file protein_0.cif (mmCIF, C-alpha atoms)
data_final
loop_
_atom_site.label_atom_id
_atom_site.label_comp_id
_atom_site.auth_asym_id
_atom_site.auth_seq_id
_atom_site.Cartn_x
_atom_site.Cartn_y
_atom_site.Cartn_z
CA MET A 458 -30.43 -17.72 -13.23
CA THR A 459 -33.63 -16.04 -12.05
CA GLU A 460 -34.00 -12.26 -11.84
CA ARG A 461 -32.86 -10.79 -8.52
CA THR A 462 -33.44 -7.36 -7.03
CA ILE A 463 -30.94 -6.62 -4.28
CA PHE A 464 -31.31 -3.83 -1.75
CA ILE A 465 -27.96 -2.69 -0.32
CA THR A 466 -27.18 -0.21 2.44
CA GLY A 467 -23.69 1.29 2.60
CA GLY A 468 -22.79 0.36 -0.97
CA GLY A 469 -20.58 3.44 -1.26
CA GLY A 470 -18.02 2.21 1.27
CA PHE A 471 -14.74 0.44 0.56
CA ILE A 472 -16.21 -3.07 0.71
CA GLY A 473 -19.58 -1.93 -0.62
CA ARG A 474 -18.22 -0.58 -3.90
CA GLN A 475 -16.55 -3.89 -4.62
CA ILE A 476 -19.78 -5.75 -3.88
CA VAL A 477 -21.86 -3.41 -6.03
CA ALA A 478 -19.53 -3.84 -9.02
CA ARG A 479 -19.60 -7.63 -8.68
CA HIS A 480 -23.39 -7.79 -8.48
CA LEU A 481 -23.75 -5.60 -11.56
CA ALA A 482 -21.35 -7.88 -13.45
CA ARG A 483 -23.85 -10.72 -13.00
CA GLU A 484 -26.79 -11.25 -15.31
CA GLY A 485 -30.31 -10.59 -14.11
CA VAL A 486 -29.39 -8.40 -11.10
CA THR A 487 -31.05 -5.08 -10.31
CA LEU A 488 -29.78 -2.99 -7.41
CA TYR A 489 -31.35 -0.44 -5.10
CA LEU A 490 -28.53 1.31 -3.26
CA LEU A 491 -29.45 3.24 -0.12
CA GLU A 492 -26.82 5.85 0.65
CA HIS A 493 -26.51 8.73 3.10
CA ARG A 494 -27.16 12.08 1.45
CA ARG A 495 -23.54 13.20 1.91
CA PHE A 496 -22.22 10.31 -0.13
CA ALA A 497 -25.01 9.55 -2.61
CA GLU A 498 -23.52 11.50 -5.50
CA ARG A 499 -20.15 9.84 -4.98
CA LEU A 500 -21.84 6.44 -5.24
CA ARG A 501 -23.70 7.49 -8.39
CA ARG A 502 -20.40 8.59 -9.91
CA PHE A 503 -18.82 5.26 -9.00
CA VAL A 504 -21.64 3.31 -10.65
CA ARG A 505 -21.36 5.44 -13.81
CA THR A 506 -17.62 4.93 -14.10
CA ALA A 507 -16.99 1.45 -12.70
CA VAL A 508 -19.33 -0.67 -14.82
CA PRO A 509 -20.57 -0.60 -18.44
CA ASP A 510 -23.57 1.61 -19.22
CA ASP A 511 -25.99 -1.31 -19.63
CA ALA A 512 -25.06 -2.59 -16.16
CA ALA A 513 -25.13 0.89 -14.59
CA ARG A 514 -28.73 1.30 -15.72
CA ARG A 515 -29.66 -1.61 -13.46
CA ALA A 516 -28.59 0.32 -10.34
CA THR A 517 -30.63 3.01 -8.63
CA VAL A 518 -29.06 5.11 -5.87
CA VAL A 519 -31.63 6.39 -3.38
CA GLU A 520 -30.85 8.88 -0.66
CA GLY A 521 -31.86 7.77 2.80
CA ASP A 522 -30.81 7.49 6.41
CA ILE A 523 -30.73 4.24 8.36
CA THR A 524 -30.96 6.15 11.63
CA GLN A 525 -34.52 7.14 10.74
CA PRO A 526 -37.60 4.87 10.92
CA GLY A 527 -38.50 3.86 7.39
CA LEU A 528 -34.89 4.65 6.42
CA GLY A 529 -35.87 8.22 5.63
CA LEU A 530 -37.61 7.17 2.39
CA ASP A 531 -40.86 8.53 1.04
CA LYS A 532 -43.75 6.05 0.91
CA GLU A 533 -43.65 5.59 -2.86
CA THR A 534 -39.92 4.81 -2.98
CA ALA A 535 -40.12 2.55 0.07
CA ALA A 536 -43.01 0.59 -1.44
CA ALA A 537 -41.20 0.14 -4.75
CA ILE A 538 -38.06 -1.20 -3.07
CA ARG A 539 -39.85 -3.37 -0.53
CA GLY A 540 -42.17 -4.85 -3.16
CA SER A 541 -39.42 -5.86 -5.57
CA MET A 542 -36.44 -6.88 -3.41
CA THR A 543 -35.48 -10.55 -3.40
CA HIS A 544 -32.27 -10.07 -1.42
CA ALA A 545 -30.89 -7.42 0.93
CA LEU A 546 -27.43 -6.71 2.28
CA HIS A 547 -26.87 -4.41 5.26
CA LEU A 548 -23.38 -2.94 5.10
CA ALA A 549 -23.98 0.56 6.45
CA ALA A 550 -22.31 1.13 9.81
CA VAL A 551 -19.84 3.41 11.50
CA TYR A 552 -16.43 1.80 11.54
CA ASP A 553 -14.23 3.98 13.71
CA LEU A 554 -12.83 2.58 16.91
CA GLY A 555 -12.91 5.98 18.58
CA VAL A 556 -16.57 6.63 17.83
CA PRO A 557 -18.61 8.08 20.74
CA ALA A 558 -21.24 5.82 22.32
CA ALA A 559 -24.26 7.88 21.22
CA VAL A 560 -23.19 7.99 17.57
CA ALA A 561 -22.35 4.28 17.49
CA GLN A 562 -25.69 3.42 19.09
CA ARG A 563 -27.64 5.54 16.61
CA ILE A 564 -25.93 4.23 13.47
CA ASN A 565 -24.96 0.66 14.31
CA VAL A 566 -27.80 -0.43 16.61
CA ASP A 567 -30.78 1.80 15.80
CA GLY A 568 -29.81 1.73 12.13
CA THR A 569 -29.79 -2.06 12.04
CA ARG A 570 -33.17 -2.19 13.79
CA HIS A 571 -34.64 0.14 11.16
CA VAL A 572 -33.21 -1.95 8.32
CA LEU A 573 -34.66 -5.12 9.85
CA ASP A 574 -38.06 -3.44 10.16
CA PHE A 575 -37.84 -2.39 6.52
CA VAL A 576 -36.93 -5.78 5.03
CA GLU A 577 -39.11 -7.97 7.27
CA SER A 578 -42.29 -7.08 5.41
CA ALA A 579 -40.78 -7.52 1.93
CA PRO A 580 -43.04 -10.14 0.30
CA ARG A 581 -40.44 -11.55 -2.12
CA LEU A 582 -37.45 -11.58 0.25
CA VAL A 583 -35.34 -14.72 -0.16
CA ARG A 584 -32.37 -13.78 2.02
CA PHE A 585 -31.05 -10.93 4.14
CA GLY A 586 -27.29 -10.53 4.63
CA HIS A 587 -25.92 -8.68 7.64
CA VAL A 588 -22.29 -7.59 7.61
CA SER A 589 -21.15 -7.84 11.20
CA THR A 590 -17.49 -8.10 12.26
CA CYS A 591 -15.15 -10.53 13.96
CA ALA A 592 -14.72 -7.82 16.59
CA VAL A 593 -17.97 -9.03 18.20
CA SER A 594 -15.59 -11.36 20.06
CA GLY A 595 -14.46 -8.34 22.10
CA THR A 596 -11.86 -9.35 24.68
CA PHE A 597 -12.47 -13.08 24.31
CA ALA A 598 -9.30 -15.17 24.37
CA GLY A 599 -9.06 -18.52 22.61
CA THR A 600 -10.73 -19.95 19.52
CA PHE A 601 -13.89 -18.08 18.51
CA THR A 602 -15.99 -20.17 16.12
CA GLU A 603 -18.60 -19.11 13.60
CA ASP A 604 -21.28 -20.52 15.91
CA ASP A 605 -20.01 -18.55 18.92
CA PHE A 606 -21.55 -15.23 19.90
CA ASP A 607 -22.11 -14.51 23.58
CA LYS A 608 -19.08 -15.87 25.43
CA GLY A 609 -19.13 -13.48 28.38
CA GLN A 610 -16.72 -11.14 26.60
CA THR A 611 -16.31 -7.47 27.38
CA PHE A 612 -15.55 -4.78 24.82
CA GLY A 613 -12.71 -2.35 24.39
CA ASN A 614 -14.64 0.38 22.57
CA HIS A 615 -18.12 1.44 21.49
CA TYR A 616 -17.60 0.13 17.95
CA GLU A 617 -17.16 -3.46 19.16
CA GLU A 618 -20.01 -3.24 21.63
CA THR A 619 -22.54 -1.74 19.22
CA LYS A 620 -21.65 -4.18 16.44
CA HIS A 621 -22.24 -6.97 18.96
CA LEU A 622 -25.60 -5.44 19.85
CA SER A 623 -26.55 -5.03 16.19
CA GLU A 624 -25.74 -8.67 15.44
CA LYS A 625 -27.81 -9.62 18.48
CA LEU A 626 -30.81 -7.82 16.94
CA VAL A 627 -30.31 -9.72 13.69
CA ARG A 628 -30.01 -13.06 15.44
CA GLU A 629 -33.19 -12.43 17.42
CA ARG A 630 -35.20 -12.01 14.22
CA ARG A 631 -33.84 -14.91 12.19
CA ASP A 632 -37.09 -16.85 12.59
CA ALA A 633 -38.93 -14.09 10.73
CA ILE A 634 -36.17 -13.02 8.32
CA PRO A 635 -34.05 -15.59 6.40
CA THR A 636 -30.59 -14.39 7.29
CA VAL A 637 -26.89 -14.94 6.65
CA ILE A 638 -24.32 -13.15 8.82
CA PHE A 639 -20.86 -12.19 7.59
CA ARG A 640 -18.04 -11.39 10.02
CA PRO A 641 -15.07 -9.87 8.19
CA GLY A 642 -11.75 -9.37 9.89
CA TYR A 643 -9.68 -6.17 9.47
CA VAL A 644 -10.11 -5.76 5.73
CA VAL A 645 -7.07 -4.63 3.73
CA GLY A 646 -6.59 -3.66 0.09
CA ASP A 647 -7.14 -5.66 -3.06
CA SER A 648 -4.90 -8.74 -3.18
CA LYS A 649 -3.90 -8.08 -6.81
CA THR A 650 -3.61 -4.30 -7.00
CA GLY A 651 -3.16 -3.41 -3.32
CA ALA A 652 -5.73 -0.59 -3.65
CA PHE A 653 -7.27 0.66 -0.39
CA ASP A 654 -9.01 3.82 0.84
CA LYS A 655 -8.50 4.05 4.59
CA LEU A 656 -5.50 3.99 6.91
CA ASP A 657 -6.50 1.49 9.57
CA GLY A 658 -5.54 -1.80 11.20
CA PRO A 659 -2.38 -3.31 9.67
CA TYR A 660 -1.73 -0.11 7.72
CA PHE A 661 -0.43 1.53 10.88
CA ALA A 662 2.51 -0.88 10.65
CA LEU A 663 3.17 0.33 7.11
CA ARG A 664 2.95 3.95 8.26
CA LEU A 665 5.55 3.17 10.91
CA ILE A 666 7.84 1.75 8.24
CA ALA A 667 7.23 4.77 5.99
CA ARG A 668 8.37 7.06 8.82
CA ASN A 669 11.47 4.94 9.49
CA LEU A 670 10.24 4.37 13.04
CA HIS A 671 10.11 0.60 12.75
CA TRP A 672 13.36 -0.10 14.58
CA VAL A 673 11.60 -0.36 17.95
CA VAL A 674 8.09 -1.83 17.86
CA PRO A 675 5.59 -3.58 20.17
CA ASP A 676 6.18 -7.27 20.70
CA ALA A 677 3.09 -9.30 19.70
CA PRO A 678 4.26 -12.89 19.10
CA ASP A 679 0.88 -14.49 19.82
CA ALA A 680 -1.62 -11.95 18.44
CA LEU A 681 -2.92 -12.91 14.99
CA CYS A 682 -3.31 -10.48 12.11
CA ASN A 683 -6.75 -11.39 10.76
CA ALA A 684 -6.52 -9.28 7.63
CA PRO A 685 -8.43 -10.59 4.59
CA PRO A 686 -8.12 -8.68 1.29
CA VAL A 687 -11.20 -6.75 0.20
CA ASP A 688 -11.66 -8.76 -3.00
CA TYR A 689 -11.97 -11.97 -0.98
CA VAL A 690 -14.56 -10.43 1.33
CA ALA A 691 -16.56 -9.00 -1.58
CA ASP A 692 -16.49 -12.28 -3.51
CA ALA A 693 -17.67 -14.12 -0.41
CA CYS A 694 -20.56 -11.74 0.31
CA VAL A 695 -21.79 -11.82 -3.29
CA CYS A 696 -21.74 -15.60 -3.63
CA LEU A 697 -23.03 -16.54 -0.19
CA LEU A 698 -25.87 -14.00 -0.23
CA GLU A 699 -27.36 -15.96 -3.12
CA ASP A 700 -26.45 -19.41 -1.78
CA ALA A 701 -29.54 -21.17 -0.41
CA ASP A 702 -27.39 -23.22 1.97
CA SER A 703 -26.16 -20.06 3.71
CA THR A 704 -29.49 -19.23 5.34
CA GLY A 705 -29.23 -19.24 9.14
CA ARG A 706 -25.44 -19.47 9.11
CA VAL A 707 -22.54 -17.25 10.18
CA PHE A 708 -19.33 -16.97 8.18
CA HIS A 709 -15.98 -15.66 9.39
CA LEU A 710 -14.39 -13.85 6.45
CA THR A 711 -10.87 -13.92 7.82
CA ASP A 712 -7.49 -15.32 6.86
CA PRO A 713 -7.79 -18.98 7.91
CA ASP A 714 -4.02 -19.19 8.32
CA PRO A 715 -3.02 -15.74 9.62
CA LEU A 716 0.40 -14.40 10.40
CA THR A 717 1.16 -13.15 13.87
CA TYR A 718 1.60 -9.40 14.21
CA ASN A 719 5.35 -9.92 14.50
CA GLU A 720 5.41 -12.03 11.32
CA PHE A 721 3.28 -9.50 9.46
CA PHE A 722 5.61 -6.66 10.46
CA ASP A 723 8.70 -8.61 9.36
CA ALA A 724 7.08 -9.58 6.05
CA ALA A 725 6.02 -5.97 5.42
CA CYS A 726 9.57 -4.76 6.04
CA ALA A 727 10.88 -7.38 3.62
CA ALA A 728 8.35 -6.38 0.95
CA TRP A 729 9.38 -2.73 1.44
CA GLY A 730 13.05 -3.60 1.22
CA LYS A 731 13.84 -2.41 4.75
CA THR A 732 15.54 -4.02 7.71
CA LYS A 733 13.34 -5.83 10.22
CA PRO A 734 12.80 -4.26 13.66
CA LEU A 735 15.86 -4.40 15.88
CA LEU A 736 14.02 -4.34 19.20
CA ARG A 737 10.57 -5.47 20.27
CA LEU A 738 9.29 -4.13 23.56
CA PRO A 739 6.62 -5.88 25.64
CA LEU A 740 3.22 -4.23 25.56
CA TRP A 741 3.20 -3.48 29.28
CA MET A 742 6.27 -1.33 28.76
CA ILE A 743 5.17 0.54 25.64
CA ARG A 744 1.48 1.16 26.38
CA PRO A 745 2.03 3.99 28.90
CA LEU A 746 4.07 5.86 26.28
CA PHE A 747 1.27 5.66 23.73
CA ARG A 748 -1.22 7.07 26.18
CA LEU A 749 0.75 10.27 25.70
CA GLY A 750 -0.73 11.99 22.69
CA LEU A 751 2.61 13.24 21.42
CA VAL A 752 4.17 9.76 21.21
CA ALA A 753 1.14 8.36 19.38
CA LYS A 754 1.21 11.31 16.96
CA VAL A 755 4.90 10.89 16.19
CA TYR A 756 4.49 7.19 15.55
CA GLY A 757 1.24 7.69 13.65
CA MET A 758 -0.24 4.80 15.62
CA PRO A 759 -3.18 5.34 18.00
CA TYR A 760 -3.37 3.63 21.36
CA TYR A 761 -6.11 1.20 20.31
CA VAL A 762 -3.71 -0.47 17.85
CA LEU A 763 -1.62 -1.58 20.81
CA VAL A 764 -4.75 -2.90 22.49
CA TYR A 765 -5.58 -5.06 19.47
CA SER A 766 -2.02 -6.34 19.22
CA GLY A 767 -2.49 -7.71 22.72
CA LEU A 768 -5.58 -9.80 21.93
CA ARG A 769 -5.23 -13.58 21.95
CA VAL A 770 -8.11 -14.75 19.77
CA ARG A 771 -8.17 -17.10 16.78
CA TYR A 772 -11.15 -17.01 14.43
CA ASP A 773 -12.22 -20.43 13.23
CA ALA A 774 -13.43 -19.99 9.61
CA LYS A 775 -14.11 -23.63 8.67
CA GLN A 776 -17.69 -22.99 7.54
CA ALA A 777 -16.70 -20.10 5.28
CA VAL A 778 -13.73 -21.96 3.79
CA ALA A 779 -15.87 -24.99 2.95
CA ALA A 780 -18.78 -22.98 1.55
CA LEU A 781 -16.56 -20.79 -0.63
CA ALA A 782 -14.50 -23.71 -1.92
CA ARG A 783 -17.56 -24.73 -3.95
CA TYR A 784 -17.14 -21.48 -5.89
CA GLY A 785 -13.37 -21.74 -6.23
CA ILE A 786 -12.92 -18.84 -3.79
CA ARG A 787 -10.18 -18.85 -1.19
CA CYS A 788 -8.48 -16.26 0.96
CA PRO A 789 -4.96 -15.65 -0.40
CA ARG A 790 -2.10 -15.95 2.04
CA ALA A 791 -0.51 -12.75 3.27
CA SER A 792 2.73 -13.66 1.50
CA GLU A 793 0.82 -13.59 -1.79
CA TYR A 794 -0.69 -10.11 -1.45
CA LEU A 795 1.73 -8.19 0.79
CA PRO A 796 4.00 -7.05 -2.09
CA ALA A 797 0.99 -5.47 -3.85
CA LEU A 798 -0.26 -3.95 -0.60
CA VAL A 799 3.11 -2.39 0.20
CA ALA A 800 3.66 -1.13 -3.36
CA TRP A 801 0.26 0.60 -3.45
CA PHE A 802 0.76 2.05 0.02
CA LYS A 803 4.17 3.49 -0.87
CA GLU A 804 2.72 5.25 -3.90
CA HIS A 805 -0.67 6.37 -2.60
CA TYR A 806 -0.83 6.71 1.19
CA ARG A 807 -0.39 10.47 0.98
CA ASP A 808 -3.23 10.85 -1.54
CA GLU A 809 -6.03 13.21 -0.52
CA ASP A 810 -8.72 10.58 -1.06
CA ILE A 811 -7.11 8.10 1.36
CA ARG A 812 -9.21 8.44 4.50
CA LYS A 813 -7.12 9.15 7.58
CA GLY A 814 -9.71 10.80 9.81
CA GLU A 815 -12.92 9.77 11.49
CA LEU A 816 -15.78 9.33 9.02
CA TYR A 817 -18.39 9.30 11.76
CA ARG A 818 -17.86 13.05 12.20
CA GLU A 819 -19.13 13.60 8.66
CA ILE A 820 -22.03 11.17 8.96
CA ALA A 821 -23.20 12.40 12.35
CA SER A 822 -23.13 16.08 11.48
#

call {"tool": "encode", "arguments": {"input": "protein_0.cif", "output": "C-alpha cells"}}
result
Amino acid sequence: MTERTIFITGGGGFIGRQIVARHLAREGVTLYLLEHRRFAERLRRFVRTAVPDDAARRATVVEGDITQPGLGLDKETAAAIRGSMTHALHLAAVYDLGVPAAVAQRINVDGTRHVLDFVESAPRLVRFGHVSTCAVSGTFAGTFTEDDFDKGQTFGNHYEETKHLSEKLVRERRDAIPTVIFRPGYVVGDSKTGAFDKLDGPYFALRLIARNLHWVVPDAPDALCNAPPVDYVADACVCLLEDADSTGRVFHLTDPDPLTYNEFFDAACAAWGKTKPLLRLPLWMIRPLFRLGLVAKVYGMPYYVLVYSGLRVRYDAKQAVAALARYGIRCPRASEYLPALVAWFKEHYRDEDIRKGELYREIAS
C-alpha cells in the first residue's frame, strides 16, 4: 500500500485514541495529530504507551487550536503538515449536550470552517473525513437515511444545532474537497472489553441500576437505542477514510438493528443480575419531576436523557453496512457486548479518570 500521511484533529478523545492506534498499526502511515494545548501531553503519553516504539515514531503531536484561523499553528509547521498530508480526519468538537451556544458555535462551527480552510489547499489531499453525528436529525421523526440532511427538523440543544451547521459547511465545500462524512450514534465502550471514558447516553441507565433506582423508570417502547461500540466506529472510520468509493458519501455508524430503550434497560438489568423495572411511567408524567434539579441529581440522570428517550427516529445505515462488509466489519448486536459493558461499568464507573462533568468548561477556559 502507498505511503499515507494523515492529519487528525481531536485524536486524544475517546474515539480518536482508538483511531490513532489503528492507523499506527498499519504499514506506511504517518500521523500529524493536532491537539488542544490542555490535552497534548496526554495524547503524547497515549502514543508512547499504546503502540510499539517504531509505530510511535510515525506520530507527531502538534499543539493547536481549531477555533483560531490557521489552527493556531506557526507557518513552518502548517506548511509541513499541509504539504505532506494525503488524508485528513476532523474529529475535534465539543460533545456536551448542555454546552452554551457561544462555545458550541466557536468550537463546532468556526472550528470546522478553519479546518476546511486548512485542508482545502493541501496539494496531495486524497480524502477528508468529517466526523458528524446522527444527532443532526434533531427532532425529526421517522426513518432518517444517510442521504438525508435538511428535513425541516428543529434541535433540542446547541450541540445538535451546531453539529448540523458544521456538517452543512462540509457539504457546501465537497466540490473543492473530496469528502466522506461519518455520523456515529451514541458511542459506548469497547465491545470486547467494555472500556469507556465518559458517563453519557445509555450509561445513565447503568448508573440508575447501580443506585438501585431502576424499579421505576421512563417508558420508551418506541425510542431506539442507537449505541454502536467504539471499536466498530473506529474500525469504520479507519477503513472508509482510505476507501476510494467513500468519496462524496455519508455513512451512519449506528447499530443497524437497535434495541428499544425499554429492551436495552431490561437487557442491562439481566446482564447485571438484577430484577427488571417494576413500573414504567409515561414521559409526560415523569418529565416535570426531572425538571427539578434535586430529582435529576438523585437519579443521576439529566433532563435531556428523557428528551432523547422520547425521540422516534430510525437511522438507516444500509450504505455503511454494505461498505464495511467488504472489510469483514459489522456492528455487533447489543446482546453480544452488553455483558462486557456492564462488567466494566460495575468495576470502573467510580474511577477518577471516567469523565462525568462537562469537558467544554476545560476547553473553553

call {"tool": "resolve_selection", "arguments": {"input": "protein_0.cif", "expression": "the PyMOL selection byres ((chain A and resi 775) around 9)", "output": "PyMOL selection string"}}
result
chain A and resi 602-603+708-709+713+773-774+776-780

call {"tool": "closest_residue", "arguments": {"input": "protein_0.cif", "among": "A:Ala684, A:Val690, A:Val762, A:Leu697", "to": "Phe661 (chain A)", "atoms": "all atoms listed in the file"}}
result
A:Val762

call {"tool": "closest_residue", "arguments": {"input": "protein_0.cif", "among": "A:Thr636, A:Thr611, A:Thr569, A:Thr459", "to": "Arg706 (chain A)", "atoms": "all atoms listed in the file"}}
result
A:Thr636

call {"tool": "residues_around", "arguments": {"input": "protein_0.cif", "residues": "Val687 (chain A)", "least_positions_apart": "5", "cutoff": "8 Å", "atoms": "all atoms listed in the file", "output": "list in words"}}
result
Ile472, Gln475, Val644, Val645, Gly646, Asp647 and Ser648 of chain A

call {"tool": "atom_distance", "arguments": {"input": "protein_0.cif", "atom1": "CA of Thr487 (chain A)", "atom2": "CA of Arg499 (chain A)"}}
result
19.2 Å

call {"tool": "resolve_selection", "arguments": {"input": "protein_0.cif", "expression": "the PyMOL selection byres ((chain A and resi 470) around 12)", "output": "ChimeraX atom specification"}}
result
/A:465-469,471-477,490-493,496-497,499-500,503,547-552,653-655,687,691,812,816
